[in-house]
Structures are given as structure tokens and as C-alpha cells.
>>> print(open('run34.pdb').read())   # PDB, C-alpha atoms
ATOM      1  CA  MET A  30     164.149 -37.040 184.652
ATOM      2  CA  PHE A  31     163.632 -35.671 181.161
ATOM      3  CA  GLN A  32     161.335 -37.781 179.000
ATOM      4  CA  PRO A  33     160.173 -36.903 175.495
ATOM      5  CA  VAL A  34     156.438 -36.230 175.387
ATOM      6  CA  PHE A  35     155.771 -38.823 172.707
ATOM      7  CA  GLU A  36     157.098 -42.120 171.400
ATOM      8  CA  LEU A  37     157.838 -43.014 167.815
ATOM      9  CA  THR A  38     155.954 -45.957 166.343
ATOM     10  CA  LEU A  39     158.026 -48.960 165.315
ATOM     11  CA  PRO A  40     157.429 -48.489 161.536
ATOM     12  CA  LEU A  41     158.480 -44.843 161.806
ATOM     13  CA  HIS A  42     161.512 -45.820 163.861
ATOM     14  CA  ARG A  43     162.505 -48.392 161.198
ATOM     15  CA  ALA A  44     162.103 -45.783 158.450
ATOM     16  CA  ILE A  45     164.288 -43.344 160.376
ATOM     17  CA  VAL A  46     166.936 -45.992 160.947
ATOM     18  CA  GLU A  47     166.864 -46.799 157.212
ATOM     19  CA  LEU A  48     167.312 -43.104 156.396
ATOM     20  CA  GLU A  49     170.234 -42.976 158.809
ATOM     21  CA  LEU A  50     171.842 -45.990 157.102
ATOM     22  CA  LEU A  51     171.399 -44.325 153.721
ATOM     23  CA  ARG A  52     172.879 -41.090 155.092
ATOM     24  CA  ASN A  53     175.901 -43.002 156.367
ATOM     25  CA  GLU A  54     176.363 -44.600 152.950
ATOM     26  CA  LEU A  55     176.068 -41.211 151.261
ATOM     27  CA  GLU A  56     178.697 -39.777 153.607
ATOM     28  CA  ARG A  57     181.174 -42.390 152.352
ATOM     29  CA  GLN A  58     180.836 -41.135 148.784
ATOM     30  CA  PRO A  59     183.422 -38.688 147.428
ATOM     31  CA  VAL A  60     182.245 -35.069 147.501
ATOM     32  CA  ASP A  61     183.647 -31.989 145.849
ATOM     33  CA  VAL A  62     184.842 -29.750 148.701
ATOM     34  CA  GLY A  63     183.748 -26.579 146.926
ATOM     35  CA  ALA A  64     180.270 -27.947 146.304
ATOM     36  CA  LEU A  65     179.975 -29.012 149.932
ATOM     37  CA  ALA A  66     180.986 -25.547 151.154
ATOM     38  CA  GLY A  67     178.360 -24.021 148.874
ATOM     39  CA  LEU A  68     175.675 -26.372 150.168
ATOM     40  CA  ARG A  69     176.560 -25.526 153.780
ATOM     41  CA  GLN A  70     176.449 -21.803 153.001
ATOM     42  CA  THR A  71     173.057 -22.150 151.333
ATOM     43  CA  ALA A  72     171.728 -24.198 154.264
ATOM     44  CA  ARG A  73     172.962 -21.627 156.811
ATOM     45  CA  LEU A  74     171.401 -18.755 154.850
ATOM     46  CA  ARG A  75     168.051 -20.502 154.379
ATOM     47  CA  THR A  76     167.937 -21.626 157.991
ATOM     48  CA  SER A  77     168.770 -18.090 159.141
ATOM     49  CA  HIS A  78     166.027 -16.701 156.930
ATOM     50  CA  PHE A  79     163.228 -19.093 157.827
ATOM     51  CA  SER A  80     164.073 -19.470 161.522
ATOM     52  CA  THR A  81     164.112 -15.719 162.085
ATOM     53  CA  GLN A  82     161.105 -15.180 159.808
ATOM     54  CA  ILE A  83     158.867 -17.329 162.025
ATOM     55  CA  GLU A  84     159.857 -15.012 164.887
ATOM     56  CA  GLY A  85     158.697 -11.966 162.912
ATOM     57  CA  ASN A  86     161.852 -10.969 161.008
ATOM     58  CA  GLN A  87     160.873  -9.050 157.860
ATOM     59  CA  LEU A  88     164.005  -9.539 155.721
ATOM     60  CA  THR A  89     163.613 -11.449 152.476
ATOM     61  CA  ALA A  90     165.880 -14.397 151.656
ATOM     62  CA  GLN A  91     167.992 -12.122 149.421
ATOM     63  CA  GLU A  92     168.229  -9.480 152.151
ATOM     64  CA  VAL A  93     169.347 -12.139 154.641
ATOM     65  CA  SER A  94     172.258 -12.982 152.319
ATOM     66  CA  GLN A  95     173.095  -9.305 152.032
ATOM     67  CA  ALA A  96     172.860  -8.748 155.798
ATOM     68  CA  VAL A  97     175.185 -11.675 156.487
ATOM     69  CA  ALA A  98     177.614 -10.152 153.967
ATOM     70  CA  GLY A  99     177.557  -6.927 156.002
ATOM     71  CA  GLN A 100     175.024  -4.763 154.189
ATOM     72  CA  ARG A 101     173.092  -2.351 156.399
ATOM     73  CA  PHE A 102     169.331  -1.879 156.323
ATOM     74  CA  PRO A 103     168.377   1.532 157.749
ATOM     75  CA  GLY A 104     165.222   1.233 159.810
ATOM     76  CA  ARG A 105     165.539  -2.548 159.954
ATOM     77  CA  GLU A 106     168.763  -2.842 161.957
ATOM     78  CA  ARG A 107     167.119  -5.195 164.454
ATOM     79  CA  ASP A 108     166.179  -7.646 161.679
ATOM     80  CA  ALA A 109     169.638  -7.506 160.096
ATOM     81  CA  THR A 110     171.365  -7.976 163.458
ATOM     82  CA  GLU A 111     169.058 -10.879 164.284
ATOM     83  CA  VAL A 112     169.943 -12.797 161.106
ATOM     84  CA  ARG A 113     173.671 -12.051 161.463
ATOM     85  CA  ASN A 114     173.621 -13.354 165.041
ATOM     86  CA  TYR A 115     171.613 -16.427 164.085
ATOM     87  CA  TYR A 116     173.969 -17.142 161.181
ATOM     88  CA  ALA A 117     176.986 -16.826 163.528
ATOM     89  CA  ALA A 118     175.358 -19.283 165.943
ATOM     90  CA  LEU A 119     174.897 -21.772 163.089
ATOM     91  CA  GLN A 120     178.571 -21.407 162.224
ATOM     92  CA  LEU A 121     179.455 -22.144 165.851
ATOM     93  CA  VAL A 122     177.218 -25.236 165.799
ATOM     94  CA  GLU A 123     179.191 -26.525 162.807
ATOM     95  CA  GLU A 124     182.479 -25.713 164.521
ATOM     96  CA  LEU A 125     181.381 -27.533 167.676
ATOM     97  CA  ALA A 126     180.101 -30.507 165.676
ATOM     98  CA  ARG A 127     183.538 -30.929 164.086
ATOM     99  CA  SER A 128     185.215 -30.978 167.501
ATOM    100  CA  SER A 129     182.530 -33.261 169.024
ATOM    101  CA  PRO A 130     182.024 -31.529 172.370
ATOM    102  CA  SER A 131     179.561 -32.727 174.959
ATOM    103  CA  ILE A 132     176.170 -31.081 174.850
ATOM    104  CA  THR A 133     176.234 -29.102 178.076
ATOM    105  CA  THR A 134     174.114 -26.294 179.397
ATOM    106  CA  ARG A 135     177.148 -24.036 178.924
ATOM    107  CA  VAL A 136     177.292 -24.916 175.197
ATOM    108  CA  ILE A 137     173.551 -24.303 174.864
ATOM    109  CA  ARG A 138     173.772 -20.994 176.744
ATOM    110  CA  THR A 139     176.767 -19.903 174.632
ATOM    111  CA  LEU A 140     174.843 -20.610 171.429
ATOM    112  CA  HIS A 141     171.918 -18.675 172.876
ATOM    113  CA  GLY A 142     174.184 -15.775 173.814
ATOM    114  CA  LEU A 143     175.551 -15.648 170.278
ATOM    115  CA  ALA A 144     172.131 -15.885 168.622
ATOM    116  CA  TRP A 145     170.448 -13.464 171.016
ATOM    117  CA  ARG A 146     173.142 -10.903 171.812
ATOM    118  CA  GLY A 147     175.792 -11.520 169.164
ATOM    119  CA  ARG A 148     178.397 -12.472 171.757
ATOM    120  CA  ARG A 149     180.073 -15.833 172.386
ATOM    121  CA  ILE A 150     179.336 -15.545 176.079
ATOM    122  CA  ALA A 151     176.998 -17.938 177.868
ATOM    123  CA  SER A 152     173.675 -16.223 178.456
ATOM    124  CA  ARG A 153     171.946 -16.351 181.808
ATOM    125  CA  TYR A 154     168.625 -18.046 182.325
ATOM    126  CA  ARG A 155     165.622 -15.776 182.516
ATOM    127  CA  ASP A 156     164.702 -14.495 185.947
ATOM    128  CA  GLY A 157     161.022 -13.827 185.371
ATOM    129  CA  GLN A 158     157.948 -15.415 183.866
ATOM    130  CA  ASN A 159     157.073 -14.916 180.231
ATOM    131  CA  VAL A 160     154.374 -16.208 177.902
ATOM    132  CA  ILE A 161     153.852 -16.763 174.201
ATOM    133  CA  ARG A 162     150.715 -15.074 172.911
ATOM    134  CA  ASP A 163     148.724 -15.345 169.720
ATOM    135  CA  GLY A 164     149.606 -12.158 167.801
ATOM    136  CA  ARG A 165     146.024 -11.590 166.663
ATOM    137  CA  THR A 166     144.002 -12.435 169.750
ATOM    138  CA  GLY A 167     146.487 -11.892 172.576
ATOM    139  CA  ARG A 168     145.476 -15.311 173.948
ATOM    140  CA  ILE A 169     148.257 -17.185 175.761
ATOM    141  CA  VAL A 170     149.264 -20.160 173.612
ATOM    142  CA  TYR A 171     152.225 -21.320 175.694
ATOM    143  CA  LEU A 172     153.160 -20.819 179.324
ATOM    144  CA  PRO A 173     156.787 -21.884 179.838
ATOM    145  CA  PRO A 174     158.133 -23.295 183.111
ATOM    146  CA  GLU A 175     158.723 -21.023 186.077
ATOM    147  CA  ALA A 176     162.054 -19.199 185.881
ATOM    148  CA  SER A 177     163.245 -20.906 189.069
ATOM    149  CA  ASP A 178     162.833 -24.317 187.367
ATOM    150  CA  VAL A 179     164.701 -23.520 184.148
ATOM    151  CA  ALA A 180     168.274 -24.346 185.293
ATOM    152  CA  ALA A 181     167.318 -27.798 186.574
ATOM    153  CA  LEU A 182     165.211 -28.529 183.492
ATOM    154  CA  MET A 183     168.057 -27.496 181.193
ATOM    155  CA  ASN A 184     170.471 -29.751 183.115
ATOM    156  CA  GLU A 185     168.042 -32.658 182.679
ATOM    157  CA  LEU A 186     167.721 -31.901 178.970
ATOM    158  CA  ALA A 187     171.499 -31.739 178.434
ATOM    159  CA  ASP A 188     171.958 -34.990 180.383
ATOM    160  CA  TRP A 189     169.234 -36.661 178.317
ATOM    161  CA  ILE A 190     170.810 -35.526 175.027
ATOM    162  CA  THR A 191     174.256 -36.732 176.120
ATOM    163  CA  GLY A 192     172.837 -40.074 177.248
ATOM    164  CA  GLU A 193     170.863 -40.629 174.050
ATOM    165  CA  LEU A 194     173.869 -39.804 171.891
ATOM    166  CA  ALA A 195     176.034 -42.206 173.918
ATOM    167  CA  ARG A 196     173.451 -45.027 173.703
ATOM    168  CA  HIS A 197     172.864 -44.560 169.961
ATOM    169  CA  HIS A 198     169.215 -45.427 170.650
ATOM    170  CA  TRP A 199     167.917 -42.845 168.168
ATOM    171  CA  PRO A 200     169.535 -41.353 165.082
ATOM    172  CA  ILE A 201     171.059 -37.941 165.788
ATOM    173  CA  PRO A 202     168.382 -35.986 163.837
ATOM    174  CA  ILE A 203     165.672 -37.546 166.014
ATOM    175  CA  VAL A 204     167.529 -36.689 169.231
ATOM    176  CA  ALA A 205     167.931 -33.140 167.906
ATOM    177  CA  ALA A 206     164.241 -32.911 166.973
ATOM    178  CA  LEU A 207     163.082 -34.205 170.362
ATOM    179  CA  ALA A 208     165.446 -31.842 172.190
ATOM    180  CA  HIS A 209     164.207 -28.916 170.097
ATOM    181  CA  TYR A 210     160.593 -29.858 170.660
ATOM    182  CA  GLN A 211     161.095 -30.035 174.419
TER     183      GLN A 211
END
>>> encode(input="run34.pdb", output="C-alpha cells")
Amino acid sequence: MFQPVFELTLPLHRAIVELELLRNELERQPVDVGALAGLRQTARLRTSHFSTQIEGNQLTAQEVSQAVAGQRFPGRERDATEVRNYYAALQLVEELARSSPSITTRVIRTLHGLAWRGRRIASRYRDGQNVIRDGRTGRIVYLPPEASDVAALMNELADWITGELARHHWPIPIVAALAHYQ
């Protein structure tokens, strides 16, 4: 059974619950639709920039905006494609959030397929071992689970997410953070 690797302290849990209450109150306030669309666009662009940058993408924040708008970057096609795919996956997340689907392994694999390959087709799980290495030293910094274990682990993760969301035990951002961390 999936279990997060750490527990939140009670004061931190209370602070998170308070933030969630404040967020709910804020959501009840009237919002200009145009301003909201602009904020979402900015958030998608920044997330696309910083999330791909930590994976080695060399585009600047301005270039990410240009790539999403369709501009080409000769010699850096891989970077431009990566941010366009990531941006499209974020758009799909928003679309799915509006329709409130269950978090299933198929949804996760479809998001992965869109972010990784640019196609809204569920990706397959890896069939071999890989590692994460320190770029400077080559030292292994993370050894992921065996490929044969991935499907079962992903099923456990999706079941845990669904259960936590149904129980309302943690605010949604905490469930998302724990799922991402795992």
C-alpha cells in the first residue's frame, strides 16, 4: 500500500488547513474573467519554463513564450518542442480539473504521453532500468524502482490519490505535493 514517506506536523497541518480555508474564501470573490485568463496563461508559461529548465532546457522565459506561440528555434528544436509539449500537458490538466475525472494511471500516462511525445496517447511504462546521475560527477543520485514494479506502484499511487481526495484528509495541494514527491 502506498504511504507517503513523511508526516506533516500538527502545526504545519493547521497552517495548511488555514491556507485552504482562505483559498476557499478567495474563490468566492468576484474575479474579472480576462484577468483570470491572463493569470492562468502566465502560470502555464512560467511553469513550462521552470519545470523544463530544471531538466536542462536552455530556453529563456521569453523564448518559452515565443515557442508556445509557434516560433521556431533552429538548433534548439528539442528545447522548443519540450516546452510546447509541457505547456499542452498543463492545458490538459486544467481541462481535466474542470471535468473532475478520477486520477487513474491512464490519466497519468496520457499526461506523460503529451508532455513527453506531444501526443494525447497514454504512454507505456518503461521496460528497462534507468538511473539519475549527478551531471558533474556521474555519481548515481537516484535509483528508481525496477521496471517490472512500476505498473503496480503506479496503481497504488493512483488509488492513494483517489482515496485521499475522497476522504478530504489533506488539502488538494498537499495531496498533489505528496504524489509528486513519491
>>> atom_distance(input="run34.pdb", atom1="atom CA of Arg43 of chain A", atom2="atom CA of Ile137 of chain A")
29.8 Å
>>> closest_residue(input="run34.pdb", among="A:Val136, A:Thr71, A:Arg107, A:Pro174", to="Ala90 of chain A", atoms="only C-alpha atoms")
A:Thr71
>>> resolve_selection(input="run34.pdb", expression="the PyMOL selection byres ((chain A and resi 108) around 10)", output="MDAnalysis selection string")
chainID A and resid 81:82 85:88 92:93 96 102 104:107 109:114
>>> write_last_selection(input="run34.pdb", atoms="C-alpha atoms", output="CSV table (one decimal), in the coordinates of the input")
chain,number,residue,atom,x,y,z
A,81,THR,CA,164.1,-15.7,162.1
A,82,GLN,CA,161.1,-15.2,159.8
A,85,GLY,CA,158.7,-12.0,162.9
A,86,ASN,CA,161.9,-11.0,161.0
A,87,GLN,CA,160.9,-9.0,157.9
A,88,LEU,CA,164.0,-9.5,155.7
A,92,GLU,CA,168.2,-9.5,152.2
A,93,VAL,CA,169.3,-12.1,154.6
A,96,ALA,CA,172.9,-8.7,155.8
A,102,PHE,CA,169.3,-1.9,156.3
A,104,GLY,CA,165.2,1.2,159.8
A,105,ARG,CA,165.5,-2.5,160.0
A,106,GLU,CA,168.8,-2.8,162.0
A,107,ARG,CA,167.1,-5.2,164.5
A,109,ALA,CA,169.6,-7.5,160.1
A,110,THR,CA,171.4,-8.0,163.5
A,111,GLU,CA,169.1,-10.9,164.3
A,112,VAL,CA,169.9,-12.8,161.1
A,113,ARG,CA,173.7,-12.1,161.5
A,114,ASN,CA,173.6,-13.4,165.0
>>> resolve_selection(input="run34.pdb", expression="the PyMOL selection byres ((chain A and resi 146) around 12)", output="compact mmCIF listing (two decimals) with C-alpha atoms, in the coordinates of the input")
# COMPACT_ATOMS: atom_id res chain seq x y z
CA ARG A 107 167.12 -5.20 164.45
CA THR A 110 171.36 -7.98 163.46
CA GLU A 111 169.06 -10.88 164.28
CA VAL A 112 169.94 -12.80 161.11
CA ARG A 113 173.67 -12.05 161.46
CA ASN A 114 173.62 -13.35 165.04
CA TYR A 115 171.61 -16.43 164.08
CA ALA A 117 176.99 -16.83 163.53
CA ALA A 118 175.36 -19.28 165.94
CA ARG A 138 173.77 -20.99 176.74
CA THR A 139 176.77 -19.90 174.63
CA LEU A 140 174.84 -20.61 171.43
CA HIS A 141 171.92 -18.68 172.88
CA GLY A 142 174.18 -15.78 173.81
CA LEU A 143 175.55 -15.65 170.28
CA ALA A 144 172.13 -15.88 168.62
CA TRP A 145 170.45 -13.46 171.02
CA GLY A 147 175.79 -11.52 169.16
CA ARG A 148 178.40 -12.47 171.76
CA ARG A 149 180.07 -15.83 172.39
CA ILE A 150 179.34 -15.54 176.08
CA ALA A 151 177.00 -17.94 177.87
CA SER A 152 173.68 -16.22 178.46
CA ARG A 153 171.95 -16.35 181.81
>>> axis_aligned_box(input="run34.pdb", around="segment 67-71 of chain A", padding_each_side="3 Å", output="lines of an AutoDock Vina configuration file")
center_x = 175.7
center_y = -24.1
center_z = 151.3
size_x = 11.3
size_y = 10.6
size_z = 10.9
>>> closest_atom_pairs(input="run34.pdb", of="segment 127-155 of chain A", to="segment 185-206 of chain A", cutoff="12 Å", atoms="all atoms listed in the file", output="CSV")
residue,atom,partner,partner_atom,distance
A:Ser129,CA,A:Leu194,CA,11.2
A:Pro130,CA,A:Thr191,CA,10.1
A:Ser131,CA,A:Thr191,CA,6.7
A:Ile132,CA,A:Ala187,CA,5.9
A:Thr133,CA,A:Ala187,CA,5.4
A:Thr134,CA,A:Ala187,CA,6.1
A:Arg135,CA,A:Ala187,CA,9.6
A:Val136,CA,A:Ala187,CA,9.5
A:Ile137,CA,A:Ala187,CA,8.5
A:Arg138,CA,A:Ala187,CA,11.1
>>> closest_residue(input="run34.pdb", among="A:Leu207, A:Tyr154, A:His42, A:Arg162", to="Ala180 of chain A", atoms="all atoms listed in the file")
A:Tyr154
>>> resolve_selection(input="run34.pdb", expression="the PyMOL selection byres ((chain A and resi 74) around 8)", output="VMD selection string")
chain A and resid 70 to 73 75 to 78 90 93 to 94 116
>>> atom_distance(input="run34.pdb", atom1="atom CA of Leu68 of chain A", atom2="atom CA of Glu124 of chain A")
15.9 Å
>>> closest_residue(input="run34.pdb", among="A:Leu55, A:Gly157, A:Ala66, A:Ser177", to="Glu123 of chain A", atoms="only C-alpha atoms")
A:Ala66
>>> atom_distance(input="run34.pdb", atom1="atom CA of Glu84 of chain A", atom2="atom CA of His209 of chain A")
15.5 Å
>>> closest_residue(input="run34.pdb", among="A:Leu172, A:Leu51, A:Leu182, A:Leu119", to="Gln211 of chain A", atoms="only C-alpha atoms")
A:Leu182
>>> decode(input="run34.pdb", residues="segment 119-180 of chain A", atoms="C-alpha atoms", output="compact mmCIF listing (two decimals), in the first residue's frame")
# COMPACT_ATOMS: atom_id res chain seq x y z
CA LEU A 119 -0.67 21.77 -18.42
CA GLN A 120 -3.62 22.79 -20.57
CA LEU A 121 -4.92 19.22 -20.40
CA VAL A 122 -4.53 19.22 -16.60
CA GLU A 123 -6.75 22.31 -16.45
CA GLU A 124 -9.26 20.73 -18.82
CA LEU A 125 -9.36 17.56 -16.72
CA ALA A 126 -9.66 19.55 -13.48
CA ARG A 127 -12.77 21.29 -14.83
CA SER A 128 -14.40 17.95 -15.65
CA SER A 129 -13.29 16.35 -12.35
CA PRO A 130 -12.13 12.96 -13.62
CA SER A 131 -10.72 10.29 -11.37
CA ILE A 132 -6.96 10.22 -11.10
CA THR A 133 -6.17 6.97 -12.87
CA THR A 134 -2.99 5.52 -14.25
CA ARG A 135 -4.47 6.09 -17.72
CA VAL A 136 -4.86 9.83 -17.00
CA ILE A 137 -1.30 9.99 -15.65
CA ARG A 138 0.08 8.07 -18.64
CA THR A 139 -1.87 10.29 -21.07
CA LEU A 140 -0.42 13.42 -19.47
CA HIS A 141 3.01 11.82 -19.69
CA GLY A 142 2.46 10.93 -23.34
CA LEU A 143 1.51 14.52 -24.10
CA ALA A 144 4.42 16.03 -22.17
CA TRP A 145 6.98 13.53 -23.44
CA ARG A 146 5.90 12.81 -27.02
CA GLY A 147 3.42 15.58 -27.79
CA ARG A 148 0.57 13.12 -28.29
CA ARG A 149 -2.59 12.62 -26.23
CA ILE A 150 -1.98 8.89 -26.14
CA ALA A 151 -1.23 7.04 -22.91
CA SER A 152 2.47 6.28 -22.74
CA ARG A 153 3.75 2.86 -21.79
CA TYR A 154 5.75 2.23 -18.66
CA ARG A 155 9.47 1.87 -19.12
CA ASP A 156 10.75 -1.62 -19.80
CA GLY A 157 14.29 -1.21 -18.53
CA GLN A 158 16.22 0.18 -15.60
CA ASN A 159 17.40 3.77 -15.57
CA VAL A 160 19.19 6.00 -13.08
CA ILE A 161 19.53 9.68 -12.30
CA ARG A 162 23.14 10.81 -12.18
CA ASP A 163 24.87 13.91 -10.92
CA GLY A 164 25.79 15.82 -14.11
CA ARG A 165 29.23 16.79 -12.80
CA THR A 166 30.41 13.63 -11.08
CA GLY A 167 28.41 10.91 -12.82
CA ARG A 168 27.51 9.54 -9.36
CA ILE A 169 24.08 7.88 -9.15
CA VAL A 170 21.82 10.12 -7.06
CA TYR A 171 18.58 8.19 -7.56
CA LEU A 172 17.86 4.59 -8.49
CA PRO A 173 14.17 4.25 -9.39
CA PRO A 174 12.15 1.07 -8.87
CA GLU A 175 12.65 -1.91 -11.16
CA ALA A 176 10.69 -1.59 -14.40
CA SER A 177 8.66 -4.70 -13.55
CA ASP A 178 7.39 -2.97 -10.37
CA VAL A 179 6.32 0.32 -11.97
CA ALA A 180 2.76 -0.66 -13.06
